[in-house]
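Asks: One structure, pasted below without further comment.
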Amino acid sequence: MFSTIIGSGARMPALRSIPWRKAVPAGRTVWVRLWWGLVLGGLLCGFLWPVPAAAVEVEDLYVVTLPVTGQGEAERQQALRQAFAEVLVRVSGDPEAPQVALLQEALRRPLGYVQQYVYRPPPPPAPALPGKESNSAFSGEFSSEAGSESGGEVGAGVAEGGQAAQAAPPQFRYSLRVSFDPEAVSGLLTEAGVPVWGRARPAILLWLAVEQGGQRLLVGGEQGKAWQERLRREARRRGLRLLFPLLDLEDQAAVRFADVWGDFAGAIQRASRRYQSTTVLVGRLYARWDGIWEGRWSLYEFGKEEDSTRLPLSWALRDPSPSVLLAAGVDGTADRLARRYAQLLDLKAANAVTLRVEGVRTLAQYARVLRYLQSLDPVERLRVLAVEEAAVVFEAGITGTRRSLQQTIAFGGTLAPLAERRLPFERPPVQEPPWPASGTKTARVQPSTAFPDESGNVSGIASGIASGNASGSEEGGAGVAPPGLEAELHYRLLP
């Protein structure tokens, strides 16, 4: 039993820990059972289809969990400052962001940006990796170039430096989970002139080859679980989502250990195509005879065609600890992606962009598109301009550039781009939708209460969309299109 403490500082009654389980609606029970049947069937047959991974929306981007020794005021303030600094780096993508003068001032009073903090049981210990004095990185787990495996865990029971792994650091009796206000954090970064990297980020497929003492390992599937967990922890620290290959028969036929070790882009791209991830990180770790580890990382952005691949960004380092090399691989990836995708927002000069979304025929589809657009970091305002039989036209007030909005939408997996359309000089009268139009977005955490109920009558809604409402809008009647609305972004709603 642990005491829960909220941001206001008030202590709540002690709560008993209750196992969490996601509720499944009754109508979905059959589909859930069918899905698990397909999964188990695939495992029995020896294969499992990979999940499309072009982009993901990073969850808990503004949440940090840190181990603490107690619930005292001094330690809590120190932990809040540390968590706040981590969030500033994670959201900006810039490891130097906490050094900006305005952000240093904010770090002295982190509680003003906290939504909630909670004490929980201590976190599990990090999985052990081989250290300088360890004899083997694999502890019975060995992989030849063909990708064979013999089970076991990497470095099981051995911590860095060759010391025996402990169940948990004895000094940490709790973990402090801190949730920060997304609006306040992004607003602070914008005020400080620091770019903001939103929740929509590319999913990164990682091919990692490890060699120590003549033993070779490709990390993925059931191989190298300790390496995978360490890398996932580092990725959470920087707000990245890492994916590992299945290393099943299809992967073994497409790529060998030598291909990853030699950083052969052609073979790696062909093996990565099944995972539908265009951002691929390739790593090579090697333990020298003197116990020093050497690491080399290459970050690719593969195009649809093999000859459209960007030249990789590469970096290398050496250190006695392999954990340092793993952190450097994740940090280097986050730094390079942030320089490309993070945007410097301007809250005072919002631009207006028109978006046309095809394939919206039902109330549920309208609600899905509206929720998605309102969740995008660049979108500050959103209103409906027109409703057609199978399309809705929105006007979005954005902070940042038109290109930044397009990049953010491309990561989401909800809308697929179509060719841009030129708007006529005279805009036709606006048809108001048969549902409540959205107002100004006030928070990204929760959708507006004006959203319709998705459980409505689908057939009646579809006919309502087709007929529309003849009454015009005060803001959107015929007339001259304002600046910035001459060309609309054209998208199609994905299933």
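The way I read the labels, and the way they are meant: chains A, B, ... in the order of the structure tokens, residue 1 as the first residue of every chain, and ligand 1 as the first ligand shown, with later ones counted on from there.
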Looking only at alpha helix (DSSP H) from DSSP on the backbone, list the matching residues of segment 57-287 of chain A as a PyMOL selection string.
Replies: chain A and resi 73-92+101-107+182-191+225-238+249-254+257-261+265-272
Asks: Would you kindly return, as a PyMOL selection string, each protein, DNA or RNA residue with an atom no farther than 12 Å from any atom of Val100 of chain A, considering only C-alpha atoms and excluding same-chain residues fewer than 5 positions away?
Replies: chain A and resi 85+88-89+92+94-95+105-107+188-194
Asks: Ranking A:Ala419, A:Val185, A:Ile204, A:Ala396 by minimum distance to Ser277 of chain A and counting only C-alpha atoms, which one comes first?
Replies: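 Counting only C-alpha atoms, the residue closest to Ser277 of chain A is A:Ile204.
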Asks: With only C-alpha atoms as the counted atoms, please give the residues lying no more than 9 Å from Glu211 of chain A, apart from itself and same-chain residues fewer than 5 positions off, as a PyMOL selection string.
Replies: chain A and resi 137+216-217+284-287
Asks: Between A:Val91, A:Leu206, A:Val280, A:Ala327, which residue has the minimum interatomic distance to Pro245 of chain A, considering only C-alpha atoms?
Replies: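 Using only C-alpha atoms, Pro245 of chain A sits closest to A:Leu206.
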Asks: Select, from A:Ser314, A:Gln71, A:Gln171, A:Gln99, the residue with the minimum atom-to-atom distance to Gly332 of chain A, counting only C-alpha atoms.
Replies: A:Ser314
Asks: So that I can check the secondary structure, give me every residue of segment 211-424 of chain A assigned strand (DSSP E or B) by backbone DSSP, as a PyMOL selection string.
Replies: chain A and resi 211-212+215-220+223+242-243+279-287+293-301+313-319+343+351-358+379-387+391-398+415-417+421-422
Asks: Rank A:Arg238, A:Gln212, A:Leu218, A:Ser323 by their smallest atom-to-atom distance to Trp289 of chain A, using only C-alpha atoms, and report the top residue only.
Replies: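 The answer is A:Gln212, which sits nearest to Trp289 of chain A.
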Asks: Would you please work out which residue, of A:Ala391, A:Gln82, A:Gly112, A:Pro127, is nearest to Arg233 of chain A when using only C-alpha atoms?
Replies: A:Pro127
Asks: Just how far from atom CA of Val196 of chain A is atom CA of Arg339 of chain A, in Å to one decimal?
Replies: 10.3 Å
Asks: Residues at most 12 Å from Asp60 of chain A, counting only C-alpha atoms, excluding those fewer than 4 positions away in the same chain, as JSON, numbers by chain?
Replies: {"A": [64, 65, 87, 90, 91, 177, 178, 179, 180, 181, 182, 198, 199, 236, 237, 238, 239, 240, 241, 445]}
Asks: Could you list, as number ranges by chain, every residue within 8 Å of segment 405-414 of chain A, counting only C-alpha atoms and ignoring same-chain residues fewer than 3 positions away?
Replies: A: 54-57, 198, 200-202, 341, 369, 372, 376, 378-379, 398, 400-402, 417, 493-495
Asks: Go ahead and save the residues from that selection, with C-alpha atoms, as an mmCIF file, in the first residue's frame.
Replies:
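As written to disk, result13.cif reads:
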data_model
loop_
_atom_site.group_PDB
_atom_site.id
_atom_site.type_symbol
_atom_site.label_atom_id
_atom_site.label_comp_id
_atom_site.auth_asym_id
_atom_site.auth_seq_id
_atom_site.Cartn_x
_atom_site.Cartn_y
_atom_site.Cartn_z
ATOM 1 C CA ALA A 54 5.694 3.760 -40.648
ATOM 2 C CA ALA A 55 4.907 6.068 -37.717
ATOM 3 C CA VAL A 56 3.483 6.021 -34.221
ATOM 4 C CA GLU A 57 1.992 8.456 -31.745
ATOM 5 C CA GLY A 198 5.174 16.512 -31.333
ATOM 6 C CA ALA A 200 3.722 11.829 -33.971
ATOM 7 C CA ARG A 201 7.171 10.392 -34.581
ATOM 8 C CA PRO A 202 8.662 7.810 -36.945
ATOM 9 C CA TYR A 341 11.180 17.122 -37.560
ATOM 10 C CA VAL A 369 -11.125 12.723 -38.095
ATOM 11 C CA TYR A 372 -7.282 13.213 -34.792
ATOM 12 C CA LEU A 376 -2.065 17.287 -33.657
ATOM 13 C CA PRO A 378 0.583 22.221 -34.727
ATOM 14 C CA VAL A 379 -3.241 22.611 -34.778
ATOM 15 C CA ILE A 398 -1.675 26.126 -37.112
ATOM 16 C CA GLY A 400 4.421 26.510 -37.571
ATOM 17 C CA THR A 401 4.637 25.903 -41.277
ATOM 18 C CA ARG A 402 2.389 24.118 -43.725
ATOM 19 C CA PRO A 417 -2.279 12.393 -48.790
ATOM 20 C CA LEU A 493 -9.391 8.750 -44.469
ATOM 21 C CA LEU A 494 -7.687 5.401 -43.957
ATOM 22 C CA PRO A 495 -9.653 2.408 -42.657
#
Asks: Rounded to one decimal, what separation in Å do you get between atom CA of Leu176 of chain A and atom CA of Arg109 of chain A?
Replies: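 Rounded to one decimal, the two atoms are 17.3 Å apart.
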Asks: Write out as a ChimeraX atom specification the residues lying within 10 Å of Gln78 of chain A, counting only C-alpha atoms and excluding same-chain residues fewer than 3 positions away.
Replies: /A:68,73-75,81-84,107-108,110
Asks: Calculate how many Å separate atom CA of Leu299 of chain A from atom CA of Pro322 of chain A, rounding to one decimal.
Replies: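 Going from atom CA of Leu299 of chain A over to atom CA of Pro322 of chain A covers 19.0 Å.
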